[in-house]
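**Student:** Handing you this structure, nothing more for now.
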Amino acid sequence: MSEQMTGARMVIEALKDQGVEVVFGYPGGAVLPIYDELFQQNHIRHILVRHEQGATHAAEGYARATGKPGVVLVTSGPGATNAVTGITDALMDSIPLVVISGQVPTFMVGTDAFQEADTVGITRPCTKHNWLVKDTEKLAETLHQAFHVATSGRPGPVLVDVPKDVQFATGTYMSPQKAKTSHYAPRVKGDIEAITALVELIEQAERPVLYTGGGVINSGPGASLLLRELADATGFPVTSTLMGLGAYPASGKNWIGMLGMHGTYEANLTMHGCDLLINIGARFDDRITGRIADFSPGSKRAHIDIDPSSINKVIRTDVPIIGDVGHVLEDLLKIWKARGRKVNRAGVAQWWQQIDEWRAVKCLTYKPSKDTIKPQYALERLEALTRDHPDRYITTEVGQHQMWAAQFLGFDSPNRWMTSGGLGTMGYGLPASIGVQVAHPEALVINVAGEASWLMNMQEMGTAVQFRLPVKQFILNNERLGMVRQWQELLHGERYSQSWSEALPDFVKLAEAFGCKGIKCDDPANLDDAIREMLDYPGPVIFDCLVEKHENCFPMIPSGNAHNQMILGEAETQGVIGASGAVLV
């Protein structure tokens, strides 16, 4: 039955009908009618953040840990503009968000009213779609369409801008079943002829590689299971982007590590030397491809992606397959099995011999120290002491610590690793960990951070304390902007321009000021006990782990180089070391 109600109540009813349980937000004048309706109901929990950017990152963490869309509620003007960074982050990393922003009354739009901004214009480049709703009668349907667009096809953020007079006015509520959504129907089934062509290449390949990305995880848990079946049945090596970690288990026999700028030696050389590259749900971003002209020379390339705009955008593809990863892998396995499960076993076995030689280089080797905590050692110990936890989730900030976390922490399941990939947003990890903890209250949630990134949204510790969220902030404190400093050392003649801070806080005292626990450790001999203390504490923790200040993150492909031109640091190599330290294979 149709029901008359205010626009503000329509927002709440639409969220309830869409199954929303949590909203991350911050009130202001232009959304007070909606907040008043929130106050009068008990179905939806509201998490009061300390900054609108924190709301968007928390919603991203929630979305990535659950597979459900994250929902954000912000006011007009600065409320909306503060959310832009998180919205853009979600667009780059294909995270479903529904952002509802307040707006000045319709009759004041365009008058430079108090806290007015052209929210639709500002967010048009960083959303899948956005709407300015000027008619209360259209509000409910627009909200249902927003959820459909955010979660269909390649997931992403959407925004609905709701003027204050539309929130006050009365209109007819429309249920999700009656809302028109058929105009947006992304293709999910792949072309069978193209899939068959890929199967033929799989049957013949001597040096194949499965290059997997976040699209596998976004497709749902079934896609990860199908990927594992494909890899185990064919014996093909599996590598992944930063966003795809966990889609194939790090403990799996076919896993060769993450690839790209800070990927493993064996993964990058496998990509460089392959004769068949099967891209499954990744987008050939520049952190992965290196120098385009020298990317996987001589290989046949297949690309499975639900987003048609990703096909041939960066790397030309021999076999493009547009469709949802889960559907395509299901059809691919059916066809491959029906044709006799053929693989060039001899060629693949010889390929693995070569890969094992590259593995023997042990590219993640570093010099241990009895006096100073090396960041790699800190993460090795964190992994050893938490990997058997039944419900562990990891978020990160952005920088060296992020890459070390990807290298030294292992993920055997999808949706356990939350990081900012495409936009590389410092300040992401702390609020994201809050969103993950809200989604999984009993889980162990750890944010691996650098002190510089962590300070960008440190105010969200207030949110963690208020809502009793026991998030663990594991800060690798080198008192430097670590990745900036590394690039300045290696690429800018050791001219360290503004890559450190001379006024860092005492993180233990800061934790106490927020009302949570602070732990400081600077001795490798005490590290295990300090980590256990962090894990045993039932509330939020800020762990200040003082690490070597000038450690570099290796392997590293300098920007613009090919996959076979890596700087390996301490690792022994079997190639010829050039003057720059690059491995020339």
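Simple scheme: letters A, B, ... for chains in structure tokens order, numbers from 1 for residues in each chain, numbers from 1 for ligands in the order shown.
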Could you name the residues that touch region 87-92 of chain A at 8 Å or less, counting only C-alpha atoms, but leaving out those on the same chain fewer than 4 positions away, as a ChimeraX atom specification?
**Tutor:** /A:56,60,83,96-97,126-128,156-157,420-425
**Student:** Give me the residues near Ser433 (chain A) as a compact mmCIF listing (two decimals) with C-alpha atoms, in the first residue's frame, where near means some atom within 7 Å (using only C-alpha atoms) and where sequence neighbours in that chain fewer than 2 positions away do not count.
**Tutor:**
# COMPACT_ATOMS: atom_id res chain seq x y z
CA ALA A 58 34.26 3.67 7.83
CA GLY A 61 35.48 -0.76 5.65
CA THR A 395 43.10 -2.58 7.51
CA GLY A 429 42.89 2.78 7.81
CA LEU A 430 41.69 4.01 11.22
CA PRO A 431 38.11 4.83 10.17
CA GLY A 435 33.65 0.20 9.99
CA VAL A 436 34.98 -3.37 10.00
CA GLN A 437 34.61 -3.63 13.77
CA VAL A 445 40.45 -5.90 13.80
CA ILE A 446 43.97 -4.48 13.40
CA ASN A 447 44.91 -1.33 11.51
CA VAL A 471 40.15 -1.76 17.21
**Student:** Of the candidates A:Glu13, A:Glu570, A:Glu21, A:Glu200, which shows the shortest atom-to-atom distance to Leu139 (chain A), using only C-alpha atoms?
**Tutor:**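 Nearest candidate to Leu139 (chain A) out of A:Glu13, A:Glu570, A:Glu21, A:Glu200: A:Glu13.
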**Student:** Do a neighbour search on Glu383 (chain A) at 8 Å with only C-alpha atoms, toss out local chain neighbours closer than 6 positions, and write the hits as an MDAnalysis selection string.
**Tutor:** chainID A and resid 408:410
**Student:** Which residue, A:Val348, A:Ile394, A:Ala150, A:Leu469, has the smallest gap to Gly246 (chain A) when you use only C-alpha atoms?
**Tutor:**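 Closest residue, counting only C-alpha atoms: A:Ile394.
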**Student:** What does the distance from CA of Arg50 (chain A) to CA of Thr419 (chain A) come to in Å, to one decimal?
**Tutor:**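 Result for CA of Arg50 (chain A) versus CA of Thr419 (chain A): 20.4 Å, one decimal.
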**Student:** If I take CA of Thr239 (chain A) and CA of Asn254 (chain A), how far is one from the other in Å, to one decimal?
**Tutor:**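 According to the coordinates, CA of Thr239 (chain A) and CA of Asn254 (chain A) are separated by 8.6 Å.
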**Student:** Could you pull out all residues of region 351-470 of chain A with a DSSP call of strand (DSSP E or B) and give them as number ranges by chain?
**Tutor:** A: 373, 392-396, 417-418, 444-450
**Student:** With N, CA and C atoms retained, could you export that selection as a compact mmCIF listing (two decimals), in the first residue's frame?
**Tutor:**
# COMPACT_ATOMS: atom_id res chain seq x y z
N ILE A 373 63.86 -2.43 16.08
CA ILE A 373 62.78 -3.21 15.46
C ILE A 373 62.72 -2.87 13.98
N ARG A 392 40.11 -12.75 12.00
CA ARG A 392 41.02 -11.61 11.93
C ARG A 392 40.78 -10.78 10.68
N TYR A 393 40.75 -9.47 10.87
CA TYR A 393 40.62 -8.53 9.76
C TYR A 393 41.75 -7.51 9.86
N ILE A 394 42.31 -7.14 8.72
CA ILE A 394 43.40 -6.17 8.68
C ILE A 394 43.01 -4.99 7.79
N THR A 395 43.17 -3.79 8.34
CA THR A 395 43.10 -2.58 7.51
C THR A 395 44.48 -1.94 7.51
N THR A 396 44.71 -1.03 6.59
CA THR A 396 45.99 -0.30 6.59
C THR A 396 45.78 1.16 6.24
N TRP A 417 40.98 -8.16 4.13
CA TRP A 417 42.07 -7.20 3.88
C TRP A 417 41.45 -5.94 3.29
N MET A 418 41.55 -4.84 4.03
CA MET A 418 40.96 -3.57 3.61
C MET A 418 42.04 -2.51 3.52
N LEU A 444 38.77 -9.78 15.64
CA LEU A 444 40.02 -9.07 15.87
C LEU A 444 40.27 -8.18 14.67
N VAL A 445 40.25 -6.87 14.88
CA VAL A 445 40.45 -5.90 13.80
C VAL A 445 41.71 -5.09 14.10
N ILE A 446 42.69 -5.16 13.20
CA ILE A 446 43.97 -4.48 13.40
C ILE A 446 44.20 -3.53 12.22
N ASN A 447 44.53 -2.29 12.54
CA ASN A 447 44.91 -1.33 11.51
C ASN A 447 46.43 -1.19 11.53
N VAL A 448 47.08 -1.63 10.46
CA VAL A 448 48.53 -1.45 10.33
C VAL A 448 48.76 -0.05 9.75
N ALA A 449 49.49 0.77 10.48
CA ALA A 449 49.58 2.19 10.14
C ALA A 449 51.02 2.68 10.16
N GLY A 450 51.22 3.81 9.51
CA GLY A 450 52.39 4.63 9.72
C GLY A 450 51.95 5.84 10.51
**Student:** Can you work out which one of A:His262, A:His148, A:Arg45, A:Lys16 has the shortest atom-to-atom distance to Gln407 (chain A), counting only C-alpha atoms?
**Tutor:**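 For Gln407 (chain A), the nearest of the given residues is A:His262.
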